[in-house]
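Structure data (mmCIF, C-alpha atoms and all ligand atoms) from run.cif:
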```cif
data_query
loop_
_atom_site.label_atom_id
_atom_site.label_comp_id
_atom_site.auth_asym_id
_atom_site.auth_seq_id
_atom_site.Cartn_x
_atom_site.Cartn_y
_atom_site.Cartn_z
CA MET H 1 -31.09 23.91 -20.35
CA GLY H 2 -31.46 20.36 -21.59
CA ASN H 3 -28.70 21.10 -24.10
CA GLU H 4 -25.11 20.30 -23.34
CA GLY H 5 -23.88 22.82 -25.89
CA SER H 6 -20.24 23.66 -25.36
CA MET H 7 -19.51 20.74 -23.05
CA GLU H 8 -19.64 18.39 -26.00
CA HIS H 9 -15.87 18.55 -26.35
CA ILE H 10 -15.37 16.56 -23.17
CA SER H 11 -18.33 14.25 -23.55
CA ALA H 12 -17.37 11.00 -25.29
CA PRO H 13 -19.12 10.35 -28.62
CA PRO H 14 -22.16 8.06 -28.37
CA ARG H 15 -21.69 4.41 -29.30
CA SER H 16 -23.99 2.90 -31.88
CA TYR H 17 -26.04 -0.01 -30.64
CA ALA H 18 -27.81 -0.61 -33.96
CA ARG H 19 -27.63 -4.41 -33.86
CA SER H 20 -28.68 -4.56 -30.19
CA GLN H 21 -31.60 -2.26 -30.90
CA GLU H 22 -32.65 -4.23 -33.96
CA LEU H 23 -32.70 -7.45 -31.90
CA PHE H 24 -34.55 -5.71 -29.08
CA ALA H 25 -37.21 -4.33 -31.44
CA ARG H 26 -37.84 -7.89 -32.68
CA ALA H 27 -37.84 -9.26 -29.11
CA GLN H 28 -40.59 -6.85 -28.12
CA GLN H 29 -42.85 -8.54 -30.67
CA ILE H 30 -42.18 -12.08 -29.50
CA ILE H 31 -40.90 -11.98 -25.89
CA ALA H 32 -43.08 -10.52 -23.13
CA GLY H 33 -41.09 -7.63 -21.71
CA GLY H 34 -38.67 -7.54 -24.67
CA THR H 35 -35.98 -9.28 -22.72
CA THR H 36 -36.37 -10.94 -19.37
CA GLN H 37 -34.20 -8.37 -17.64
CA GLY H 38 -36.25 -5.33 -16.70
CA LYS H 39 -33.51 -4.07 -14.42
CA ALA H 40 -30.92 -3.79 -17.22
CA PRO H 41 -29.15 -0.42 -17.47
CA SER H 42 -30.29 -0.21 -21.11
CA THR H 43 -33.85 0.21 -19.83
CA LEU H 44 -32.77 2.94 -17.38
CA ILE H 45 -30.65 5.02 -19.78
CA PRO H 46 -32.00 4.05 -23.19
CA GLY H 47 -29.58 4.15 -26.08
CA GLU H 48 -26.48 4.35 -23.89
CA TYR H 49 -25.95 0.72 -22.90
CA PRO H 50 -25.59 -2.46 -24.96
CA ILE H 51 -28.48 -4.94 -24.78
CA TYR H 52 -27.14 -8.13 -26.38
CA ALA H 53 -23.81 -9.80 -25.61
CA ALA H 54 -21.71 -11.54 -28.25
CA ARG H 55 -19.10 -13.11 -25.97
CA GLY H 56 -17.12 -12.65 -22.79
CA ARG H 57 -13.69 -13.47 -21.40
CA GLY H 58 -12.40 -12.75 -17.91
CA ALA H 59 -13.73 -9.37 -16.80
CA TYR H 60 -14.54 -8.24 -20.36
CA LEU H 61 -17.55 -8.65 -22.58
CA TRP H 62 -18.16 -7.80 -26.23
CA ASP H 63 -21.61 -6.78 -27.44
CA VAL H 64 -23.23 -7.66 -30.75
CA ASP H 65 -22.20 -4.28 -32.19
CA GLY H 66 -18.53 -5.11 -31.63
CA HIS H 67 -17.87 -2.88 -28.60
CA ARG H 68 -15.67 -4.15 -25.78
CA PHE H 69 -16.59 -3.40 -22.15
CA LEU H 70 -14.77 -3.79 -18.88
CA ASP H 71 -17.59 -5.26 -16.81
CA TRP H 72 -18.33 -4.53 -13.13
CA ILE H 73 -21.93 -5.84 -13.31
CA LEU H 74 -20.93 -9.44 -14.02
CA ALA H 75 -24.45 -10.74 -14.62
CA TYR H 76 -25.52 -9.36 -11.22
CA GLY H 77 -22.88 -11.28 -9.32
CA ILE H 78 -23.21 -14.76 -10.77
CA ILE H 79 -19.75 -14.38 -12.31
CA VAL H 80 -17.07 -14.40 -9.60
CA LEU H 81 -14.08 -15.90 -11.43
CA GLY H 82 -14.59 -14.23 -14.79
CA TYR H 83 -16.42 -15.10 -18.00
CA CYS H 84 -15.59 -18.50 -19.51
CA ASP H 85 -13.41 -19.63 -16.65
CA PRO H 86 -11.50 -22.58 -18.14
CA ASP H 87 -11.54 -24.76 -15.00
CA VAL H 88 -15.27 -24.32 -14.40
CA ASP H 89 -16.22 -24.72 -18.05
CA ARG H 90 -14.02 -27.84 -18.36
CA ALA H 91 -15.80 -29.39 -15.35
CA ALA H 92 -19.17 -28.59 -16.94
CA ILE H 93 -18.10 -30.03 -20.30
CA ARG H 94 -16.86 -33.23 -18.62
CA GLU H 95 -20.30 -33.58 -17.06
CA ILE H 96 -21.97 -33.02 -20.44
CA GLU H 97 -19.76 -35.66 -22.04
CA GLU H 98 -20.66 -38.27 -19.42
CA GLY H 99 -24.36 -37.38 -19.39
CA PHE H 100 -26.02 -35.02 -16.99
CA ALA H 101 -29.75 -35.77 -17.04
CA PHE H 102 -30.58 -39.23 -15.74
CA PRO H 103 -33.40 -40.66 -13.65
CA LEU H 104 -30.53 -41.34 -11.22
CA THR H 105 -28.40 -38.92 -9.24
CA ARG H 106 -24.83 -38.18 -10.26
CA PRO H 107 -22.19 -38.62 -7.51
CA VAL H 108 -21.06 -35.01 -7.98
CA GLN H 109 -24.11 -33.99 -5.93
CA ASN H 110 -22.54 -35.62 -2.85
CA GLU H 111 -19.21 -34.00 -3.60
CA LEU H 112 -20.82 -30.56 -3.76
CA ALA H 113 -22.83 -31.16 -0.59
CA GLU H 114 -19.65 -32.21 1.29
CA LEU H 115 -17.87 -29.07 0.11
CA LEU H 116 -20.72 -26.77 1.16
CA VAL H 117 -21.01 -28.39 4.58
CA GLU H 118 -17.28 -27.77 4.95
CA VAL H 119 -17.28 -24.08 3.96
CA ILE H 120 -20.65 -22.66 5.11
CA PRO H 121 -20.81 -22.20 8.90
CA CYS H 122 -24.54 -22.98 9.32
CA ALA H 123 -24.55 -25.91 6.87
CA GLU H 124 -24.94 -29.32 8.49
CA MET H 125 -27.22 -30.39 5.65
CA VAL H 126 -28.08 -28.88 2.27
CA HIS H 127 -30.74 -29.23 -0.40
CA PHE H 128 -30.25 -28.15 -4.01
CA PHE H 129 -32.54 -26.09 -6.23
CA LYS H 130 -32.17 -24.24 -9.51
CA THR H 131 -33.02 -20.62 -8.68
CA GLY H 132 -32.69 -18.21 -5.79
CA SER H 133 -36.45 -17.91 -5.35
CA ASP H 134 -36.73 -21.72 -5.11
CA ALA H 135 -34.29 -21.71 -2.19
CA THR H 136 -35.74 -18.72 -0.27
CA SER H 137 -39.28 -20.11 -0.71
CA ALA H 138 -38.13 -23.51 0.58
CA ALA H 139 -36.55 -21.77 3.58
CA VAL H 140 -39.83 -20.05 4.40
CA ARG H 141 -41.79 -23.31 3.93
CA LEU H 142 -39.39 -25.10 6.25
CA ALA H 143 -39.63 -22.35 8.89
CA ARG H 144 -43.43 -22.61 8.77
CA ILE H 145 -43.26 -26.40 9.20
CA VAL H 146 -40.82 -26.24 12.10
CA THR H 147 -42.55 -23.44 14.00
CA GLY H 148 -46.19 -24.13 13.05
CA ARG H 149 -46.53 -20.38 12.38
CA ASP H 150 -47.52 -18.52 9.18
CA LYS H 151 -46.06 -15.03 9.27
CA VAL H 152 -42.73 -14.03 7.75
CA VAL H 153 -40.62 -11.00 8.57
CA ARG H 154 -38.28 -10.27 5.70
CA TRP H 155 -35.84 -7.63 4.49
CA GLY H 156 -34.14 -6.97 1.15
CA TYR H 157 -34.79 -8.56 -2.19
CA ASN H 158 -35.63 -12.23 -1.69
CA GLY H 159 -37.03 -13.28 -5.08
CA TRP H 160 -40.21 -13.10 -7.10
CA HIS H 161 -42.50 -15.73 -5.53
CA ASP H 162 -45.83 -14.66 -4.02
CA TRP H 163 -44.60 -14.15 -0.46
CA CYS H 164 -41.84 -11.70 -1.44
CA CYS H 165 -42.75 -10.21 -4.82
CA ILE H 166 -41.88 -6.49 -4.97
CA ARG H 167 -45.04 -5.72 -6.96
CA GLU H 168 -48.55 -6.37 -5.71
CA ALA H 169 -50.28 -7.23 -9.00
CA GLY H 170 -51.41 -10.84 -9.02
CA ILE H 171 -50.51 -11.51 -5.39
CA PRO H 172 -53.45 -12.40 -3.12
CA ARG H 173 -53.90 -9.89 -0.31
CA LYS H 174 -54.01 -12.80 2.15
CA VAL H 175 -50.47 -13.77 1.15
CA ARG H 176 -49.19 -10.21 1.50
CA GLU H 177 -50.80 -9.82 4.91
CA ASP H 178 -48.61 -12.57 6.30
CA VAL H 179 -45.38 -10.90 5.20
CA LEU H 180 -43.93 -8.02 7.21
CA THR H 181 -40.73 -6.03 7.06
CA PHE H 182 -38.51 -3.82 9.24
CA ARG H 183 -35.82 -1.17 8.84
CA TYR H 184 -32.22 -2.20 8.26
CA ASN H 185 -29.80 -1.44 11.11
CA ASP H 186 -32.78 -0.69 13.37
CA LEU H 187 -33.37 -3.42 15.94
CA ASN H 188 -36.23 -1.48 17.53
CA SER H 189 -38.20 -1.64 14.30
CA LEU H 190 -37.72 -5.41 14.24
CA GLU H 191 -38.72 -5.78 17.87
CA ASP H 192 -41.88 -3.75 17.17
CA VAL H 193 -42.90 -6.10 14.36
CA LEU H 194 -42.13 -9.22 16.38
CA SER H 195 -43.91 -8.05 19.52
CA GLN H 196 -46.97 -6.93 17.55
CA ASN H 197 -47.14 -10.40 15.98
CA ARG H 198 -46.19 -12.47 19.00
CA ASP H 199 -46.28 -16.27 18.50
CA GLN H 200 -47.14 -15.80 14.81
CA VAL H 201 -43.78 -15.23 13.11
CA ALA H 202 -42.10 -18.31 11.62
CA CYS H 203 -38.85 -16.61 10.57
CA VAL H 204 -36.88 -13.46 10.10
CA LEU H 205 -35.39 -13.84 6.63
CA MET H 206 -33.04 -11.17 5.32
CA MET H 207 -30.12 -10.31 3.11
CA PRO H 208 -27.23 -9.71 5.52
CA LEU H 209 -26.62 -6.42 3.71
CA GLU H 210 -27.27 -4.70 0.44
CA ILE H 211 -25.43 -1.39 0.14
CA GLU H 212 -25.32 -0.23 3.75
CA PRO H 213 -23.10 -2.56 5.82
CA PRO H 214 -24.45 -3.89 9.12
CA GLN H 215 -23.61 -1.84 12.21
CA PRO H 216 -21.61 -3.79 14.79
CA GLY H 217 -23.96 -6.09 16.68
CA PHE H 218 -26.90 -5.60 14.28
CA LEU H 219 -26.96 -9.10 12.77
CA ASP H 220 -26.33 -10.68 16.18
CA GLY H 221 -29.19 -8.54 17.49
CA VAL H 222 -31.53 -9.78 14.75
CA LYS H 223 -30.62 -13.36 15.58
CA ALA H 224 -31.19 -12.78 19.32
CA LEU H 225 -34.59 -11.14 18.70
CA ALA H 226 -35.66 -13.93 16.35
CA ARG H 227 -34.70 -16.46 19.06
CA GLN H 228 -36.47 -14.48 21.75
CA TYR H 229 -39.72 -14.54 19.75
CA GLY H 230 -39.42 -18.20 18.72
CA ALA H 231 -38.71 -17.48 15.03
CA LEU H 232 -35.93 -18.91 12.84
CA PHE H 233 -33.15 -16.57 11.71
CA ILE H 234 -32.49 -17.05 7.99
CA LEU H 235 -29.82 -15.28 5.91
CA ASP H 236 -30.42 -14.86 2.19
CA GLU H 237 -26.82 -14.98 0.98
CA MET H 238 -27.46 -15.03 -2.78
CA ARG H 239 -25.19 -12.02 -3.24
CA SER H 240 -22.96 -12.04 -0.15
CA GLY H 241 -22.18 -15.77 -0.49
CA PHE H 242 -18.82 -16.50 -2.11
CA HIS H 243 -18.16 -12.75 -2.27
CA LEU H 244 -17.59 -11.53 1.31
CA ALA H 245 -16.10 -14.85 2.40
CA LEU H 246 -16.25 -18.40 1.11
CA GLY H 247 -18.86 -19.09 3.81
CA GLY H 248 -20.69 -15.83 3.09
CA ALA H 249 -21.56 -12.91 5.34
CA GLN H 250 -22.23 -15.35 8.17
CA GLU H 251 -18.54 -16.25 8.16
CA TYR H 252 -17.36 -12.68 7.60
CA TYR H 253 -19.51 -11.13 10.36
CA GLY H 254 -19.35 -14.19 12.62
CA VAL H 255 -23.09 -14.72 12.99
CA THR H 256 -24.45 -18.17 12.23
CA PRO H 257 -28.09 -18.34 11.11
CA ASP H 258 -30.45 -21.30 11.50
CA LEU H 259 -30.81 -21.56 7.72
CA ALA H 260 -29.22 -19.80 4.76
CA THR H 261 -29.71 -19.64 1.01
CA PHE H 262 -26.97 -19.35 -1.61
CA SER H 263 -26.72 -19.22 -5.39
CA LYS H 264 -25.15 -16.73 -7.85
CA ALA H 265 -21.35 -16.79 -7.46
CA MET H 266 -21.39 -20.38 -6.19
CA SER H 267 -21.11 -21.80 -9.72
CA ASN H 268 -19.71 -18.92 -11.80
CA GLY H 269 -22.86 -18.58 -13.87
CA TYR H 270 -24.39 -22.08 -14.00
CA ALA H 271 -27.94 -22.35 -12.64
CA ILE H 272 -28.03 -23.76 -9.13
CA SER H 273 -29.08 -22.66 -5.65
CA VAL H 274 -28.92 -24.23 -2.24
CA LEU H 275 -30.70 -24.17 1.08
CA ALA H 276 -28.31 -24.91 3.95
CA GLY H 277 -28.86 -25.24 7.66
CA ARG H 278 -28.92 -27.11 10.91
CA ARG H 279 -29.60 -30.85 10.58
CA GLU H 280 -32.50 -30.89 13.06
CA LEU H 281 -34.27 -28.24 10.94
CA MET H 282 -33.28 -29.47 7.48
CA GLN H 283 -34.59 -32.96 8.23
CA HIS H 284 -38.13 -31.54 8.28
CA LEU H 285 -37.88 -30.84 4.55
CA THR H 286 -39.15 -34.40 4.01
CA GLN H 287 -42.49 -33.33 5.50
CA THR H 288 -43.18 -31.21 2.44
CA TYR H 289 -42.56 -31.59 -1.26
CA VAL H 290 -39.93 -29.55 -3.08
CA SER H 291 -38.77 -30.39 -6.57
CA SER H 292 -37.66 -29.25 -9.99
CA THR H 293 -37.97 -30.64 -13.50
CA PHE H 294 -34.19 -30.38 -13.72
CA PHE H 295 -33.34 -31.70 -10.27
CA THR H 296 -30.92 -34.34 -11.49
CA ASN H 297 -29.23 -32.03 -14.01
CA SER H 298 -25.68 -32.04 -12.72
CA ILE H 299 -23.85 -29.58 -15.01
CA ALA H 300 -24.20 -26.76 -12.49
CA MET H 301 -23.20 -29.08 -9.65
CA ALA H 302 -19.93 -29.89 -11.37
CA ALA H 303 -19.44 -26.20 -12.13
CA ALA H 304 -20.09 -25.30 -8.48
CA VAL H 305 -17.52 -27.83 -7.23
CA ALA H 306 -14.94 -26.43 -9.64
CA THR H 307 -15.82 -22.82 -8.72
CA ILE H 308 -15.65 -23.29 -4.95
CA LYS H 309 -12.39 -25.27 -5.16
CA LYS H 310 -10.83 -22.57 -7.33
CA LEU H 311 -12.06 -19.76 -5.06
CA ARG H 312 -10.35 -21.53 -2.17
CA ARG H 313 -7.21 -22.69 -4.00
CA GLU H 314 -6.45 -19.31 -5.56
CA GLN H 315 -7.39 -17.16 -2.58
CA VAL H 316 -9.89 -15.27 -4.71
CA ILE H 317 -11.89 -13.68 -1.88
CA PRO H 318 -8.96 -11.56 -0.56
CA HIS H 319 -8.40 -10.48 -4.16
CA LEU H 320 -12.04 -9.32 -4.41
CA TRP H 321 -11.58 -7.25 -1.24
CA ARG H 322 -8.26 -5.79 -2.45
CA ILE H 323 -9.48 -4.82 -5.91
CA GLY H 324 -12.81 -3.50 -4.59
CA GLN H 325 -11.02 -1.44 -1.94
CA ALA H 326 -8.63 0.01 -4.55
CA LEU H 327 -11.62 0.96 -6.72
CA MET H 328 -13.46 2.58 -3.80
CA ASP H 329 -10.34 4.43 -2.58
CA GLY H 330 -9.66 5.70 -6.10
CA LEU H 331 -13.27 6.87 -6.51
CA ASP H 332 -13.13 8.65 -3.14
CA ARG H 333 -9.94 10.40 -4.25
CA LEU H 334 -11.55 11.50 -7.52
CA ILE H 335 -14.63 12.74 -5.68
CA GLN H 336 -12.35 14.90 -3.50
CA GLU H 337 -10.39 16.18 -6.48
CA THR H 338 -13.34 16.99 -8.71
CA GLY H 339 -15.71 18.19 -5.99
CA VAL H 340 -18.70 16.18 -7.25
CA GLU H 341 -21.15 15.46 -4.47
CA ALA H 342 -20.93 11.70 -4.27
CA GLN H 343 -19.59 8.98 -2.04
CA THR H 344 -18.70 5.36 -2.34
CA ALA H 345 -20.94 2.87 -0.57
CA GLY H 346 -21.20 -0.85 0.06
CA VAL H 347 -18.45 -3.33 0.84
CA PRO H 348 -15.41 -3.73 -1.45
CA PRO H 349 -16.45 -7.03 -3.12
CA MET H 350 -19.81 -5.33 -3.92
CA PRO H 351 -19.01 -1.61 -4.21
CA PHE H 352 -21.31 1.21 -5.28
CA LEU H 353 -21.39 4.96 -5.85
CA VAL H 354 -24.10 7.26 -4.50
CA PHE H 355 -24.60 10.84 -5.71
CA ARG H 356 -25.50 13.17 -2.86
CA TYR H 357 -26.93 16.29 -4.50
CA ALA H 358 -29.93 17.38 -2.45
CA ASP H 359 -31.94 18.52 -5.48
CA PRO H 360 -33.36 15.34 -7.07
CA GLU H 361 -33.13 16.81 -10.57
CA VAL H 362 -29.45 17.61 -10.10
CA ARG H 363 -28.84 14.20 -8.56
CA GLU H 364 -30.54 12.38 -11.42
CA THR H 365 -28.63 14.49 -13.93
CA ALA H 366 -25.33 13.61 -12.26
CA LYS H 367 -26.22 9.92 -12.31
CA TYR H 368 -27.39 10.04 -15.90
CA LEU H 369 -24.21 11.75 -17.11
CA PHE H 370 -21.82 9.65 -15.03
CA TYR H 371 -23.22 6.32 -16.22
CA ARG H 372 -23.67 7.52 -19.77
CA GLU H 373 -20.06 8.68 -19.94
CA THR H 374 -18.59 5.56 -18.35
CA ALA H 375 -20.58 3.33 -20.72
CA ARG H 376 -19.51 5.46 -23.70
CA ARG H 377 -15.91 4.94 -22.60
CA GLY H 378 -16.30 1.16 -22.35
CA VAL H 379 -16.79 0.58 -18.63
CA LEU H 380 -19.98 -1.19 -17.56
CA LEU H 381 -21.24 0.05 -14.19
CA HIS H 382 -24.84 -0.30 -13.05
CA PRO H 383 -26.68 2.92 -12.12
CA ASN H 384 -29.24 1.13 -9.98
CA HIS H 385 -27.61 -1.90 -8.43
CA HIS H 386 -24.36 -2.37 -6.55
CA TRP H 387 -21.48 -3.62 -8.65
CA PHE H 388 -19.41 -6.79 -8.29
CA VAL H 389 -15.70 -7.58 -8.38
CA CYS H 390 -14.36 -10.83 -9.87
CA ALA H 391 -11.10 -12.78 -9.82
CA SER H 392 -10.23 -11.56 -13.32
CA HIS H 393 -10.25 -7.86 -12.42
CA THR H 394 -6.68 -6.55 -12.19
CA GLU H 395 -4.96 -3.48 -10.75
CA GLN H 396 -4.74 -2.25 -14.35
CA ASP H 397 -8.53 -2.64 -14.72
CA VAL H 398 -8.96 -0.51 -11.61
CA ALA H 399 -6.61 2.14 -13.03
CA ASP H 400 -8.43 2.11 -16.38
CA THR H 401 -11.81 2.35 -14.66
CA LEU H 402 -10.65 5.26 -12.51
CA GLU H 403 -9.37 7.10 -15.58
CA VAL H 404 -12.79 6.73 -17.17
CA CYS H 405 -14.56 7.74 -13.94
CA ALA H 406 -12.35 10.86 -13.71
CA ASP H 407 -13.48 11.90 -17.19
CA ALA H 408 -17.11 11.13 -16.29
CA PHE H 409 -16.90 13.19 -13.07
CA HIS H 410 -15.48 16.13 -15.07
CA VAL H 411 -18.40 15.91 -17.48
CA VAL H 412 -20.82 15.89 -14.53
CA LYS H 413 -19.09 18.84 -12.89
CA GLN H 414 -18.99 20.95 -16.05
CA ALA H 415 -22.53 20.15 -17.11
CA LEU H 416 -23.96 20.99 -13.68
CA ALA H 417 -21.97 24.23 -13.57
CA ARG H 418 -23.65 25.20 -16.84
CA GLY H 419 -27.10 24.43 -15.43
CA TYR H 420 -27.57 21.40 -17.66
CA ARG H 421 -30.35 19.00 -16.68
CA ALA H 422 -30.69 15.46 -18.00
CA PRO H 423 -33.32 14.88 -20.67
CA ALA H 424 -36.38 12.94 -19.63
CA PHE H 425 -35.18 9.41 -19.14
CA GLN H 426 -36.39 6.34 -17.32
CA LYS H 427 -36.34 6.83 -13.60
CA VAL H 428 -32.87 6.03 -12.33
CA ARG H 429 -32.94 5.47 -8.65
CA VAL H 430 -30.52 4.13 -6.09
CA THR H 431 -31.72 1.01 -4.39
CA VAL H 432 -31.27 1.06 -0.69
CA SER H 433 -33.37 -1.79 0.53
CA THR H 434 -36.59 -1.22 2.32
CA GLY H 435 -37.65 -4.77 1.68
CA GLN H 436 -39.47 -3.58 -1.43
CA ASP H 437 -36.55 -2.93 -3.75
CA LYS H 438 -35.53 -4.49 -6.97
CA PRO H 439 -32.71 -7.02 -7.13
C1 LIG K 1 -30.54 -11.60 -2.39
C2 LIG K 1 -31.36 -12.30 -3.42
N1 LIG K 1 -32.28 -13.22 -3.02
C3 LIG K 1 -33.04 -13.89 -3.89
C4 LIG K 1 -32.90 -13.68 -5.25
C5 LIG K 1 -33.80 -14.43 -6.21
O1 LIG K 1 -33.09 -15.27 -7.04
P1 LIG K 1 -33.75 -15.76 -8.43
O2 LIG K 1 -33.88 -14.52 -9.29
O3 LIG K 1 -32.73 -16.74 -8.97
O4 LIG K 1 -35.04 -16.40 -8.16
C6 LIG K 1 -31.95 -12.76 -5.71
C7 LIG K 1 -31.80 -12.51 -7.15
O5 LIG K 1 -31.22 -11.56 -7.60
C8 LIG K 1 -31.17 -12.03 -4.78
O6 LIG K 1 -30.27 -11.12 -5.16
#
```

Turn this file's structure into structure tokens for me.
Amino acid sequence: MGNEGSMEHISAPPRSYARSQELFARAQQIIAGGTTQGKAPSTLIPGEYPIYAARGRGAYLWDVDGHRFLDWILAYGIIVLGYCDPDVDRAAIREIEEGFAFPLTRPVQNELAELLVEVIPCAEMVHFFKTGSDATSAAVRLARIVTGRDKVVRWGYNGWHDWCCIREAGIPRKVREDVLTFRYNDLNSLEDVLSQNRDQVACVLMMPLEIEPPQPGFLDGVKALARQYGALFILDEMRSGFHLALGGAQEYYGVTPDLATFSKAMSNGYAISVLAGRRELMQHLTQTYVSSTFFTNSIAMAAAVATIKKLRREQVIPHLWRIGQALMDGLDRLIQETGVEAQTAGVPPMPFLVFRYADPEVRETAKYLFYRETARRGVLLHPNHHWFVCASHTEQDVADTLEVCADAFHVVKQALARGYRAPAFQKVRVTVSTGQDKP
């Protein structure tokens, strides 16, 4: 055991990541954490994933060792059109050429605000930030101002600021005590939290989904319970926004929150986030102080306008659903054919694969081999985070990915039949949100 022996003939040869590893070794001396992406697959399955990118185009990226990858991670969903989208990059370059950092505001901010108010159901007013955590923290601040209450009920990954950090180190206990959670698709668990903290909860803030889709009536039920207990209902649409529908999960599932936060796909990779919501609530933002060193920097605003217009003009969202569905259907077919114990999960624009072996060692081995083999064959899939589809993915990309996945499933099947177990590797675990999970 622990030796693949005679299955080597079907396992793809390892790729050399010498340059990536050289850069990473240096980074560990000068950058805390080595890189700033602790959730990267290269940290989960060391030696089997690239670490440094050289360039990207469409749905493909090339690493510094010269390997090409078909990418379904897409910088964790910030890329929705494809790498180096010419329309978005041209808009950003125009902004750079005219100047993008003044003590004055550039008119493009109004243009973006108008567009967001048009496409996001809950948006009567918006306020711009630079990161997702900025926007979710502003939403919580605003809910506390409006309700005069301190406690927050939250679900999913909502950022790294004190009130929602997934690790306790450095977070005052007093801050943690004011933040509660509940079980997804379980309205009773939410009602328990709200009734036990009556008149104290400022908001219920949640991702509309992560991997498990909402059961019919669940999101409406959350909204109704929040109302009943005098709390605001806030959707964190960093990932679902501009993926499920132009107006996010709130448009797709037909449930309008009081406030919502967006970022990621909104600008195809440029740094911007937004808090959106009802005018009567948003107006209270002037009671507090929110800011950013780069608040007038308008490159990302121009990029966001170009991205949203292109998503709409080119009907990109139906494409994301079509391609994601074809990928999930193909994976389901392969699972049937090969007999691996796995199933697809998530929604087509953000699909995922879950291995179902009851024995954790077998399950981890299956995951390890599947992701190792797909990476070795040039397809980037994340073992620990749902994947993303972009406008540049084609039917041919789906076919190519499925061919690679078929090979990877065969490796899994053969290795498990021989009693092979994965070598000790970093813990690879599936994130199904409990409110404590990683992004
Ligand atoms: C749903 C969700 N909310 C909030 C955040 C935090 O965003 P940021 O990392 O930009 O602060 C993320 C980031 O991945 C996210 O996925």

Item to check | Best match for closeness to Asp199 (chain H) among H:Val222, H:Gln228, H:Pro214, H:Ser16, counting all atoms listed in the file | outcome: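 Ranked by minimum distance to Asp199 (chain H), first place goes to H:Gln228.
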
Residues of chain H at most 7 Å from ligand LIG 1 (chain K): nearest atom pair and distance in Å, all atoms listed in the file, as a Markdown table:
```
| residue | atom | partner | partner_atom | distance |
| --- | --- | --- | --- | --- |
| H:Thr131 | CA | K:LIG1 | O3 | 3.9 |
| H:Gly132 | CA | K:LIG1 | O1 | 3.2 |
| H:Ser133 | CA | K:LIG1 | O4 | 3.5 |
| H:Asp134 | CA | K:LIG1 | O4 | 6.4 |
| H:Thr136 | CA | K:LIG1 | C3 | 6.6 |
| H:Gly156 | CA | K:LIG1 | C1 | 6.9 |
| H:Tyr157 | CA | K:LIG1 | C2 | 5.2 |
| H:Asn158 | CA | K:LIG1 | N1 | 3.7 |
| H:Gly159 | CA | K:LIG1 | C5 | 3.6 |
| H:Trp160 | CA | K:LIG1 | O4 | 6.2 |
| H:Met207 | CA | K:LIG1 | C1 | 5.7 |
| H:Asp236 | CA | K:LIG1 | C1 | 5.6 |
| H:Glu237 | CA | K:LIG1 | C1 | 6.1 |
| H:Met238 | CA | K:LIG1 | C1 | 4.6 |
| H:Arg239 | CA | K:LIG1 | C1 | 5.4 |
| H:Pro439 | CA | K:LIG1 | O5 | 4.8 |
```

Checklist entry - What is the CA of Asp162 (chain H)-CA of Arg176 (chain H) distance in Å, reported with one decimal? => result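 Straight-line distance from CA of Asp162 (chain H) to CA of Arg176 (chain H) works out to 7.8 Å.
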
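Using all atoms listed in the file, the residues found no farther than 7 Å from region 339-341 of chain H, other than those of its own chain fewer than 5 positions away, are Phe355, Arg356, Tyr357, Phe409 and Lys413 of chain H.
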
Item to check | Nearest residue to Gly241 (chain H) from the set H:Tyr60, H:Phe129, H:Tyr368, H:Phe262 (distances using only C-alpha atoms) | outcome: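 Closest to Gly241 (chain H) of all the choices is H:Phe262.
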
Checklist entry - For Ile10 (chain H), which residue out of H:Val379, H:Met282, H:Thr147, H:Leu369 is the nearest one, using all atoms listed in the file? => result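 Closest candidate: H:Leu369.
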
Next on the checklist: Could you list, as an NGL selection string, every residue within 12 Å of Asp85 (chain H), counting all atoms listed in the file and ignoring same-chain residues fewer than 5 positions away?
Outcome noted: :H and (56-59 or 79-80 or 90-93 or 267-270 or 303-304 or 306-307 or 310-311 or 390-392)

Next on the checklist: For a test of reading the model, state the distance in Å between CA of Leu112 (chain H) and CA of Ser298 (chain H), rounded to one decimal.
Outcome noted: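 Atom-to-atom, CA of Leu112 (chain H) and CA of Ser298 (chain H) are spaced 10.3 Å apart.
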
Item to check | CA of Val274 (chain H) to CA of Ser240 (chain H), straight-line distance in Å | outcome: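 A separation of 13.7 Å between them.
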